[in-house]
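Read through the structure below, which is laid out as structure tokens, and then see the notes.
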Amino acid sequence: MEPAKSPYYSDGELLEKYRHEHHNGWLGILLDRYLHLIFGVCLKYLKNEEDAKDAAQQICLEVLKTLPRHQVVYFKSWLYQVAKNHCLMELRQSGKMHLLPLSAENEPESVAERDKKTELMEMEIKETHLHQAMEQLNDAQRICVALFYLQNKTYKSVSAETGFSMLQVKSYIQNGKRNLKTIIQRMEEEEQYPHETKKS
């Protein structure tokens, strides 16, 4: 069965579909979702854009081969570790382990490099927050928001694909957008003030 492109699926749902149907298309959707993460990790360790692109492609192939042998629950965390290990192995094999920074303090880097890393990190955090927040919406809101914002569908197209009325679609999108903002804001506060949030 070919993966359906319209509905928004969480990482967990995509993993389940991949395990049950053994169709690489579901895994392809997951890899597309986190390509920026893979590339960011590769760039961080390999410090060369072309090398990072090549490594990212190799990592995707590695994931296709190795995922069936692992019982992965949190795909993003597992993928990050796979990408990191791949890069470390490349550095070892090429004899460039000395290029690996021991800490952020003793790593000489230009302002441009620092800004690029910060930008990649912020993109990763925002993307992670969005996907985690999407999973907390109810089904109707999640599907309508994903179709409208992530796939750039019109209200009419969303209505036709979901079977909801135009009024329902607009309501689900409006409420879903508001809920996403609240959920993401809460996530950011929990990361910034973990102890205060837990106490409250």
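Letters A, B, ... mark the chains of the structure tokens in the order given; residue numbers begin at 1 per chain; ligand numbers begin at 1, in order shown.
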
Long-range neighbours of Val82 (chain A) as number ranges by chain, 9 Å cut-off, only C-alpha atoms, 3 positions minimum in chain: A: 59, 62-63, 77-79, 85-87

Shell of 6 Å around region 171-178 of chain A, only C-alpha atoms, local chain residues under 4 positions omitted, as a PyMOL selection string: chain A and resi 141+144-145

Shell of 12 Å around Leu150 (chain A), only C-alpha atoms, local chain residues under 3 positions omitted, as an MDAnalysis selection string: chainID A and resid 5:9 33 127 130:131 134 142:147 153:154 158 173

Using the selection just defined, write its residues with N, CA and C atoms as a compact mmCIF listing (two decimals), in the first residue's frame.
# COMPACT_ATOMS: atom_id res chain seq x y z
N LYS A 5 -0.46 10.80 1.31
CA LYS A 5 0.30 12.03 1.50
C LYS A 5 -0.51 13.10 2.24
N SER A 6 -1.81 12.99 2.24
CA SER A 6 -2.62 14.07 2.79
C SER A 6 -2.62 14.16 4.30
N PRO A 7 -2.98 13.08 5.03
CA PRO A 7 -3.10 13.23 6.49
C PRO A 7 -1.74 13.49 7.13
N TYR A 8 -1.76 14.20 8.25
CA TYR A 8 -0.53 14.39 9.02
C TYR A 8 -0.41 13.24 10.01
N TYR A 9 0.74 12.57 9.99
CA TYR A 9 0.98 11.48 10.92
C TYR A 9 2.12 11.84 11.86
N ARG A 33 11.22 14.54 7.03
CA ARG A 33 10.86 15.42 8.15
C ARG A 33 12.10 15.88 8.91
N GLU A 127 11.30 23.11 14.85
CA GLU A 127 10.70 21.98 14.12
C GLU A 127 10.25 20.89 15.10
N LEU A 130 7.14 22.02 16.96
CA LEU A 130 5.96 21.98 16.11
C LEU A 130 5.41 20.56 16.01
N HIS A 131 6.28 19.59 15.72
CA HIS A 131 5.81 18.21 15.55
C HIS A 131 5.28 17.63 16.87
N MET A 134 1.90 19.26 17.46
CA MET A 134 0.89 18.73 16.53
C MET A 134 0.30 17.43 17.08
N ARG A 142 -5.56 18.44 14.07
CA ARG A 142 -4.24 18.08 13.55
C ARG A 142 -4.26 17.91 12.04
N ILE A 143 -5.27 17.22 11.54
CA ILE A 143 -5.35 16.97 10.10
C ILE A 143 -5.59 18.27 9.34
N CYS A 144 -6.52 19.09 9.82
CA CYS A 144 -6.85 20.34 9.12
C CYS A 144 -5.68 21.32 9.14
N VAL A 145 -5.02 21.43 10.29
CA VAL A 145 -3.87 22.34 10.40
C VAL A 145 -2.74 21.87 9.50
N ALA A 146 -2.48 20.55 9.48
CA ALA A 146 -1.40 20.00 8.64
C ALA A 146 -1.67 20.25 7.16
N LEU A 147 -2.89 20.00 6.74
CA LEU A 147 -3.23 20.21 5.33
C LEU A 147 -3.14 21.67 4.94
N LYS A 153 -2.82 23.72 1.50
CA LYS A 153 -4.12 23.47 0.87
C LYS A 153 -5.07 24.64 1.17
N THR A 154 -6.04 24.83 0.30
CA THR A 154 -7.06 25.86 0.54
C THR A 154 -8.13 25.28 1.47
N VAL A 158 -9.18 21.33 1.79
CA VAL A 158 -9.20 20.63 3.08
C VAL A 158 -10.58 20.03 3.33
N ILE A 173 -9.07 24.78 12.14
CA ILE A 173 -7.79 25.43 11.85
C ILE A 173 -7.54 26.57 12.84

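Residues in contact range of region 52-54 of chain A, defined as at most 12 Å between only C-alpha atoms, with sequence neighbours fewer than 4 positions away removed, read Leu35, His36, Leu37, Ile38, Phe39, Gly40, Val41, Cys42, Leu43, Lys44, Tyr45, Leu46, Lys47, Asn48, Gln58, Ile59, Cys60, Leu61, Ala83, Lys84, His86, Cys87, Glu90 and Leu91 of chain A.
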
Distance query Val73 (chain A) at most 12 Å, only C-alpha atoms, self and fewer than 6 positions along chain excluded, as a list in words: Ser10, Asp11, Gly12, Glu13, Leu14, Leu15, Glu16, Arg19, Leu67 and Leu79 of chain A

Nearest-residue call for Ile184 (chain A), choices A:Asn152, A:Gln132, A:Ser159, A:Ser165, using only C-alpha atoms: A:Gln132

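Taking only C-alpha atoms into account, Glu161 (chain A) lies nearest to A:Phe148 out of the set A:Phe75, A:Tyr34, A:Phe148, A:Tyr18.
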
Atomic distance CA of Met187 (chain A) - CA of Leu27 (chain A), expressed in Å with one decimal: 26.6 Å
